[in-house]
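File shown: structure38.cif. Contents: mmCIF, C-alpha atoms.
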data_upload
loop_
_atom_site.group_PDB
_atom_site.id
_atom_site.type_symbol
_atom_site.label_atom_id
_atom_site.label_comp_id
_atom_site.auth_asym_id
_atom_site.auth_seq_id
_atom_site.Cartn_x
_atom_site.Cartn_y
_atom_site.Cartn_z
ATOM 1 C CA MET A 1 0.000 0.000 0.000
ATOM 2 C CA MET A 2 2.797 2.430 0.899
ATOM 3 C CA TRP A 3 4.535 1.642 -2.416
ATOM 4 C CA LEU A 4 1.318 2.383 -4.331
ATOM 5 C CA LEU A 5 0.725 5.682 -2.503
ATOM 6 C CA GLU A 6 4.328 6.777 -3.084
ATOM 7 C CA THR A 7 4.022 5.915 -6.780
ATOM 8 C CA ILE A 8 0.879 8.027 -7.146
ATOM 9 C CA VAL A 9 2.247 11.003 -5.178
ATOM 10 C CA ASN A 10 5.465 11.006 -7.230
ATOM 11 C CA SER A 11 3.786 10.174 -10.553
ATOM 12 C CA GLU A 12 4.510 13.592 -12.072
ATOM 13 C CA ASP A 13 8.092 14.728 -12.595
ATOM 14 C CA VAL A 14 7.091 18.338 -12.011
ATOM 15 C CA ALA A 15 8.093 20.803 -9.291
ATOM 16 C CA PHE A 16 4.731 21.675 -7.758
ATOM 17 C CA GLY A 17 5.782 22.162 -4.100
ATOM 18 C CA LEU A 18 5.730 25.599 -2.500
ATOM 19 C CA PRO A 19 8.391 26.947 -0.099
ATOM 20 C CA ALA A 20 7.106 27.541 3.448
ATOM 21 C CA GLY A 21 5.006 30.671 3.711
ATOM 22 C CA LYS A 22 4.666 31.084 -0.067
ATOM 23 C CA ASP A 23 1.312 31.253 -1.842
ATOM 24 C CA ALA A 24 0.834 29.661 -5.270
ATOM 25 C CA ASP A 25 0.088 33.031 -6.870
ATOM 26 C CA GLU A 26 3.330 34.604 -5.658
ATOM 27 C CA CYS A 27 5.726 31.708 -6.302
ATOM 28 C CA PRO A 28 7.313 31.544 -9.793
ATOM 29 C CA GLU A 29 7.767 28.099 -11.324
ATOM 30 C CA GLU A 30 11.569 28.188 -10.982
ATOM 31 C CA ASP A 31 11.200 28.495 -7.175
ATOM 32 C CA ARG A 32 8.897 25.504 -6.811
ATOM 33 C CA LEU A 33 10.133 22.330 -5.090
ATOM 34 C CA PHE A 34 10.336 18.714 -6.266
ATOM 35 C CA ASP A 35 10.392 17.112 -2.811
ATOM 36 C CA THR A 36 7.465 19.007 -1.263
ATOM 37 C CA GLY A 37 3.742 19.086 -1.956
ATOM 38 C CA MET A 38 1.419 16.798 -3.857
ATOM 39 C CA PRO A 39 -0.015 16.910 -7.390
ATOM 40 C CA ILE A 40 -3.709 17.763 -7.671
ATOM 41 C CA GLY A 41 -6.083 16.342 -10.242
ATOM 42 C CA ASN A 42 -5.561 12.644 -9.491
ATOM 43 C CA LEU A 43 -8.650 10.828 -8.257
ATOM 44 C CA THR A 44 -6.763 10.200 -5.022
ATOM 45 C CA SER A 45 -6.104 13.901 -4.272
ATOM 46 C CA GLN A 46 -9.287 14.437 -2.253
ATOM 47 C CA LEU A 47 -8.767 11.193 -0.344
ATOM 48 C CA PHE A 48 -5.170 12.061 0.547
ATOM 49 C CA ALA A 49 -6.132 15.537 1.769
ATOM 50 C CA ASN A 50 -8.992 14.225 3.887
ATOM 51 C CA VAL A 51 -6.906 11.430 5.433
ATOM 52 C CA TYR A 52 -3.825 13.585 6.115
ATOM 53 C CA LEU A 53 -5.832 16.353 7.788
ATOM 54 C CA ASN A 54 -7.735 13.909 9.986
ATOM 55 C CA GLU A 55 -5.119 14.745 12.645
ATOM 56 C CA LEU A 56 -6.257 18.383 12.488
ATOM 57 C CA ASP A 57 -9.898 17.326 12.890
ATOM 58 C CA GLN A 58 -9.091 15.328 16.007
ATOM 59 C CA TYR A 59 -7.013 18.157 17.484
ATOM 60 C CA VAL A 60 -9.686 20.807 16.858
ATOM 61 C CA LYS A 61 -12.569 18.717 18.199
ATOM 62 C CA HIS A 62 -10.917 16.952 21.152
ATOM 63 C CA SER A 63 -8.118 19.269 22.271
ATOM 64 C CA LEU A 64 -9.458 22.710 21.363
ATOM 65 C CA ARG A 65 -13.080 21.529 21.803
ATOM 66 C CA ILE A 66 -14.349 23.761 18.998
ATOM 67 C CA HIS A 67 -17.999 22.994 18.292
ATOM 68 C CA TYR A 68 -18.702 24.772 14.975
ATOM 69 C CA TYR A 69 -15.959 23.332 12.771
ATOM 70 C CA ILE A 70 -16.387 22.429 9.096
ATOM 71 C CA ARG A 71 -13.727 21.027 6.770
ATOM 72 C CA TYR A 72 -13.605 19.720 3.194
ATOM 73 C CA MET A 73 -10.048 18.890 2.104
ATOM 74 C CA ASP A 74 -8.018 22.027 2.970
ATOM 75 C CA ASP A 75 -11.035 24.353 3.125
ATOM 76 C CA VAL A 76 -11.959 25.061 6.767
ATOM 77 C CA ILE A 77 -14.600 27.179 8.530
ATOM 78 C CA ILE A 78 -14.757 27.820 12.284
ATOM 79 C CA LEU A 79 -17.706 29.801 13.665
ATOM 80 C CA SER A 80 -17.838 31.615 16.993
ATOM 81 C CA ASP A 81 -19.431 34.696 18.586
ATOM 82 C CA ASP A 82 -16.135 35.427 20.366
ATOM 83 C CA LYS A 83 -13.516 37.131 18.168
ATOM 84 C CA LYS A 84 -10.741 36.612 20.751
ATOM 85 C CA HIS A 85 -11.548 32.909 20.819
ATOM 86 C CA LEU A 86 -11.158 32.740 17.020
ATOM 87 C CA HIS A 87 -7.781 34.494 17.128
ATOM 88 C CA LYS A 88 -6.559 32.062 19.812
ATOM 89 C CA ALA A 89 -7.865 29.074 17.825
ATOM 90 C CA LYS A 90 -6.106 30.334 14.672
ATOM 91 C CA GLU A 91 -2.840 30.680 16.594
ATOM 92 C CA ASP A 92 -3.130 27.172 18.108
ATOM 93 C CA ILE A 93 -4.026 25.592 14.750
ATOM 94 C CA GLU A 94 -1.123 27.338 13.023
ATOM 95 C CA ILE A 95 1.326 25.954 15.596
ATOM 96 C CA PHE A 96 -0.196 22.455 15.356
ATOM 97 C CA LEU A 97 -0.075 22.361 11.548
ATOM 98 C CA LYS A 98 3.542 23.486 11.437
ATOM 99 C CA SER A 99 4.843 21.236 14.221
ATOM 100 C CA VAL A 100 2.835 18.063 13.580
ATOM 101 C CA LEU A 101 1.869 18.046 9.885
ATOM 102 C CA THR A 102 4.593 20.342 8.446
ATOM 103 C CA LEU A 103 1.942 22.584 6.888
ATOM 104 C CA ASP A 104 1.349 26.342 6.808
ATOM 105 C CA LEU A 105 -1.929 28.219 6.918
ATOM 106 C CA ASN A 106 -2.926 29.754 3.598
ATOM 107 C CA ASN A 107 -2.218 33.494 3.362
ATOM 108 C CA LYS A 108 -5.923 34.015 2.672
ATOM 109 C CA THR A 109 -6.864 32.735 6.135
ATOM 110 C CA ALA A 110 -8.959 35.488 7.768
ATOM 111 C CA ILE A 111 -11.275 36.259 10.671
ATOM 112 C CA ARG A 112 -14.292 38.325 9.676
ATOM 113 C CA PRO A 113 -18.032 38.677 10.339
ATOM 114 C CA THR A 114 -20.389 36.300 8.540
ATOM 115 C CA SER A 115 -22.323 39.337 7.266
ATOM 116 C CA LEU A 116 -19.520 39.785 4.696
ATOM 117 C CA GLY A 117 -20.062 36.280 3.387
ATOM 118 C CA VAL A 118 -17.909 33.184 3.830
ATOM 119 C CA GLU A 119 -16.055 31.623 0.894
ATOM 120 C CA PHE A 120 -16.227 27.831 1.011
ATOM 121 C CA VAL A 121 -15.799 25.117 -1.674
ATOM 122 C CA GLY A 122 -16.291 27.583 -4.526
ATOM 123 C CA PHE A 123 -19.308 29.379 -3.070
ATOM 124 C CA LYS A 124 -19.744 32.605 -1.128
ATOM 125 C CA ILE A 125 -22.219 31.969 1.661
ATOM 126 C CA TRP A 126 -24.297 34.387 3.751
ATOM 127 C CA PRO A 127 -26.761 33.490 6.533
ATOM 128 C CA THR A 128 -29.643 34.109 4.086
ATOM 129 C CA HIS A 129 -28.335 32.969 0.672
ATOM 130 C CA ARG A 130 -25.316 31.796 -1.309
ATOM 131 C CA LYS A 131 -23.714 32.667 -4.627
ATOM 132 C CA LEU A 132 -21.046 31.197 -6.835
ATOM 133 C CA LYS A 133 -17.684 32.985 -6.696
ATOM 134 C CA LYS A 134 -17.201 35.578 -9.436
ATOM 135 C CA ALA A 135 -14.125 33.765 -10.747
ATOM 136 C CA THR A 136 -16.190 30.594 -11.231
ATOM 137 C CA LEU A 137 -18.987 32.493 -13.004
ATOM 138 C CA LYS A 138 -16.440 33.955 -15.419
ATOM 139 C CA LYS A 139 -15.004 30.479 -15.976
ATOM 140 C CA ILE A 140 -18.454 29.109 -16.886
ATOM 141 C CA LYS A 141 -19.041 31.966 -19.355
ATOM 142 C CA ARG A 142 -15.628 31.316 -20.918
ATOM 143 C CA ARG A 143 -16.318 27.609 -21.289
ATOM 144 C CA VAL A 144 -19.750 28.189 -22.828
ATOM 145 C CA LYS A 145 -18.143 30.486 -25.424
ATOM 146 C CA GLY A 146 -15.622 27.729 -26.066
ATOM 147 C CA LEU A 147 -18.484 25.274 -26.624
ATOM 148 C CA GLN A 148 -20.145 27.690 -29.046
ATOM 149 C CA LYS A 149 -16.905 28.057 -31.025
ATOM 150 C CA ALA A 150 -16.257 24.307 -31.123
ATOM 151 C CA TYR A 151 -19.856 23.620 -32.166
ATOM 152 C CA ALA A 152 -19.670 26.284 -34.908
ATOM 153 C CA GLU A 153 -16.586 24.603 -36.325
ATOM 154 C CA GLY A 154 -18.176 21.152 -36.190
ATOM 155 C CA LEU A 155 -15.652 19.877 -33.632
ATOM 156 C CA ILE A 156 -18.311 18.680 -31.170
ATOM 157 C CA ASP A 157 -21.859 17.373 -31.547
ATOM 158 C CA PHE A 158 -25.152 17.923 -29.727
ATOM 159 C CA ASP A 159 -24.501 15.258 -27.098
ATOM 160 C CA LYS A 160 -21.245 16.890 -25.985
ATOM 161 C CA VAL A 161 -22.822 20.369 -25.747
ATOM 162 C CA ASN A 162 -25.846 18.996 -23.898
ATOM 163 C CA ALA A 163 -23.724 17.090 -21.351
ATOM 164 C CA SER A 164 -21.645 20.184 -20.577
ATOM 165 C CA MET A 165 -24.645 22.502 -20.289
ATOM 166 C CA GLN A 166 -26.516 20.105 -18.019
ATOM 167 C CA SER A 167 -23.507 20.007 -15.673
ATOM 168 C CA TYR A 168 -23.503 23.820 -15.481
ATOM 169 C CA PHE A 169 -27.222 23.883 -14.711
ATOM 170 C CA GLY A 170 -26.592 21.257 -12.044
ATOM 171 C CA ILE A 171 -24.088 23.610 -10.373
ATOM 172 C CA MET A 172 -26.576 26.493 -10.597
ATOM 173 C CA GLY A 173 -29.117 24.474 -8.649
ATOM 174 C CA HIS A 174 -26.963 24.900 -5.530
ATOM 175 C CA PHE A 175 -26.955 28.714 -5.351
ATOM 176 C CA ASN A 176 -29.122 31.763 -6.054
ATOM 177 C CA SER A 177 -28.650 31.860 -9.808
ATOM 178 C CA TYR A 178 -31.862 33.131 -11.469
ATOM 179 C CA ASN A 179 -30.327 36.265 -13.031
ATOM 180 C CA PHE A 180 -27.168 34.504 -14.164
ATOM 181 C CA LYS A 181 -29.110 31.546 -15.563
ATOM 182 C CA THR A 182 -31.512 33.842 -17.466
ATOM 183 C CA LYS A 183 -28.634 35.845 -18.967
ATOM 184 C CA LEU A 184 -26.767 32.683 -19.925
ATOM 185 C CA LEU A 185 -29.822 31.202 -21.660
ATOM 186 C CA ASN A 186 -30.463 34.411 -23.601
ATOM 187 C CA GLU A 187 -26.913 34.327 -24.943
ATOM 188 C CA CYS A 188 -26.780 30.578 -25.437
ATOM 189 C CA VAL A 189 -27.276 30.185 -29.196
ATOM 190 C CA PHE A 190 -25.236 27.502 -30.920
ATOM 191 C CA ARG A 191 -24.709 27.994 -34.664
ATOM 192 C CA ARG A 192 -22.804 25.928 -37.159
ATOM 193 C CA ASN A 193 -20.673 27.823 -39.634
ATOM 194 C CA GLU A 194 -22.372 28.720 -42.935
ATOM 195 C CA ASN A 195 -21.433 25.455 -44.584
ATOM 196 C CA GLN A 196 -22.947 23.506 -41.676
ATOM 197 C CA HIS A 197 -26.521 24.914 -42.125
ATOM 198 C CA SER A 198 -27.631 24.477 -38.529
ATOM 199 C CA GLN A 199 -28.620 26.702 -35.621
ATOM 200 C CA GLU A 200 -29.861 25.725 -32.181
ATOM 201 C CA ARG A 201 -30.866 27.713 -29.126
ATOM 202 C CA TYR A 202 -30.322 25.973 -25.853
ATOM 203 C CA SER A 203 -32.909 25.834 -23.087
ATOM 204 C CA GLN A 204 -32.467 24.100 -19.775
ATOM 205 C CA ASN A 205 -34.778 21.211 -20.622
ATOM 206 C CA ASN A 206 -34.540 20.825 -24.388
ATOM 207 C CA TRP A 207 -33.353 22.188 -27.692
ATOM 208 C CA GLN A 208 -35.297 24.485 -29.988
ATOM 209 C CA GLU A 209 -34.196 24.399 -33.615
#
Mind turning the file's structure into structure tokens?
Amino acid sequence: MMWLLETIVNSEDVAFGLPAGKDADECPEEDRLFDTGMPIGNLTSQLFANVYLNELDQYVKHSLRIHYYIRYMDDVIILSDDKKHLHKAKEDIEIFLKSVLTLDLNNKTAIRPTSLGVEFVGFKIWPTHRKLKKATLKKIKRRVKGLQKAYAEGLIDFDKVNASMQSYFGIMGHFNSYNFKTKLLNECVFRRNENQHSQERYSQNNWQE
């Protein structure tokens, strides 16, 4: 088992590790490390993150006795009415991660009121509603334009477009998306180039030719 895990972790001959205290956005490729970090994108990535950070879960729940603690992979939320308590918890967790798991807190780690919204697993969440992060919305728009271009050039067929669009609508079902969905549908016309003689407008449930 250990041989298999080591093979997967070291399957890419790429320097993807970050020096201590460095964020991915501020670390040029030439400064990245070969012997630190783990590649993302493998089907095992989520499993590895959840297993490795189990030690953090146990520490937070049993040693710090924090009640409102949520974690998915390396995305963590701790809720409290006491700001001093949150600062102390952040300090304790930072020490634990560094000394026990050889990890650093992300530079984006912050303590702020929930009224400003909490970013978690790609969403921004308020007590009353949630939205998709702006970066993700832009990514969806970009990918839809890519689908339109590929369809126009005859590189993909109806089934491929339909599968992609249904996945986007599936995501939209998890946040307040009426305005975005309406705008996307209004712009979502798929045309073949002139020699293809085909035009289709996409709706959430079917196609209208």
Item to complete: State, in Å with one decimal place, the distance from atom CA of Gly17 of chain A to atom CA of Asp35 of chain A.
Response: 7.0 Å
Worksheet entry | Residue members of the PyMOL selection byres ((chain A and resi 106-111) around 9) in the file shown, as a PyMOL selection string | chain A and resi 21-23+83+86-87+90+104-105+112-113
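Using all atoms listed in the file, the shortest contact distance between Asn54 of chain A and any of A:Ile156, A:Leu79, A:Leu101, A:Met172 is found at A:Leu101.
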Practice prompt. Name all residues at most 12 Å from Leu184 of chain A (count all atoms listed in the file; drop same-chain ones fewer than 5 positions away) and give them as an MDAnalysis selection string.
Written response: chainID A and resid 137:138 140:145 165 168:169 172 177:179 189 201:204
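Shortest separation to Lys98 of chain A among A:Leu56, A:Ser45, A:Phe175, A:Glu6 occurs at residue A:Leu56, atoms counted being only C-alpha atoms.
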Fill in: Separation of atom CA of Ala49 of chain A from atom CA of Phe123 of chain A, in Å and rounded to one decimal
19.7 Å
Discussion item. Please report the interatomic distance between atom CA of Val100 of chain A and atom CA of Tyr72 of chain A in Å with one decimal.
Written reply: 19.5 Å
Could you give me the centre and size, in Å to one decimal, of an axis-aligned box around all listed atoms of segment 71-86 of chain A with 5 Å added on every side, as JSON?
{"center_x": -13.7, "center_y": 28.0, "center_z": 11.5, "size_x": 21.4, "size_y": 28.2, "size_z": 28.7}
Worksheet item: If you count all atoms listed in the file, which residues fall within 9 Å of Leu53 of chain A, apart from same-chain ones fewer than 5 positions away, as JSON, numbers by chain?
Response: {"A": [48, 58, 73, 74, 101]}
Mind dumping the selected residues with C-alpha atoms as a PDB file, keeping the file's coordinate frame?
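File written: selection.pdb
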ATOM      1  CA  PHE A  48      -5.170  12.061   0.547  1.00  0.00           C
ATOM      2  CA  GLN A  58      -9.091  15.328  16.007  1.00  0.00           C
ATOM      3  CA  MET A  73     -10.048  18.890   2.104  1.00  0.00           C
ATOM      4  CA  ASP A  74      -8.018  22.027   2.970  1.00  0.00           C
ATOM      5  CA  LEU A 101       1.869  18.046   9.885  1.00  0.00           C
TER       6      LEU A 101
END
Worksheet item: Pick from A:Leu185, A:Val14, A:Val60, A:Leu147: nearest to Glu94 of chain A, with all atoms listed in the file counted?
Response: A:Val60
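The shortest atom-to-atom distance to Val161 of chain A, with all atoms listed in the file taken into account, belongs to A:Gln148 out of A:Gln148, A:Thr102, A:Thr128, A:Thr114.
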Evaluate the PyMOL selection byres ((chain A and resi 153) around 9) and report residues as a JSON list (two decimals) with C-alpha atoms, in the frame of the given file:
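Okay, selection_12.json is ready:
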[["chain", "number", "residue", "atom", "x", "y", "z"],
["A", 148, "GLN", "CA", -20.14, 27.69, -29.05],
["A", 149, "LYS", "CA", -16.90, 28.06, -31.02],
["A", 150, "ALA", "CA", -16.26, 24.31, -31.12],
["A", 151, "TYR", "CA", -19.86, 23.62, -32.17],
["A", 152, "ALA", "CA", -19.67, 26.28, -34.91],
["A", 154, "GLY", "CA", -18.18, 21.15, -36.19],
["A", 155, "LEU", "CA", -15.65, 19.88, -33.63],
["A", 156, "ILE", "CA", -18.31, 18.68, -31.17],
["A", 191, "ARG", "CA", -24.71, 27.99, -34.66],
["A", 192, "ARG", "CA", -22.80, 25.93, -37.16],
["A", 193, "ASN", "CA", -20.67, 27.82, -39.63],
["A", 196, "GLN", "CA", -22.95, 23.51, -41.68]]
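Each of A:Leu103, A:Lys139, A:Ile70, A:His129 was compared to Leu116 of chain A using all atoms listed in the file, and A:His129 turns out to be the nearest.
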Worksheet item: Could you pull the residues within 12 Å of Lys61 of chain A, counting only C-alpha atoms, minus those fewer than 4 positions along the same chain, as a PyMOL selection string?
Response: chain A and resi 54-57+65-71+78+89+93
If you keep C-alpha atoms, can you produce a file of those selected residues as a CSV table (one decimal), in the coordinates of the input?
chain,number,residue,atom,x,y,z
A,54,ASN,CA,-7.7,13.9,10.0
A,55,GLU,CA,-5.1,14.7,12.6
A,56,LEU,CA,-6.3,18.4,12.5
A,57,ASP,CA,-9.9,17.3,12.9
A,65,ARG,CA,-13.1,21.5,21.8
A,66,ILE,CA,-14.3,23.8,19.0
A,67,HIS,CA,-18.0,23.0,18.3
A,68,TYR,CA,-18.7,24.8,15.0
A,69,TYR,CA,-16.0,23.3,12.8
A,70,ILE,CA,-16.4,22.4,9.1
A,71,ARG,CA,-13.7,21.0,6.8
A,78,ILE,CA,-14.8,27.8,12.3
A,89,ALA,CA,-7.9,29.1,17.8
A,93,ILE,CA,-4.0,25.6,14.8
Practice prompt. Have a look at A:Glu26, A:Arg130, A:Leu47, A:Phe180 and name the one nearest to Leu5 of chain A; count all atoms listed in the file.
Written response: A:Leu47
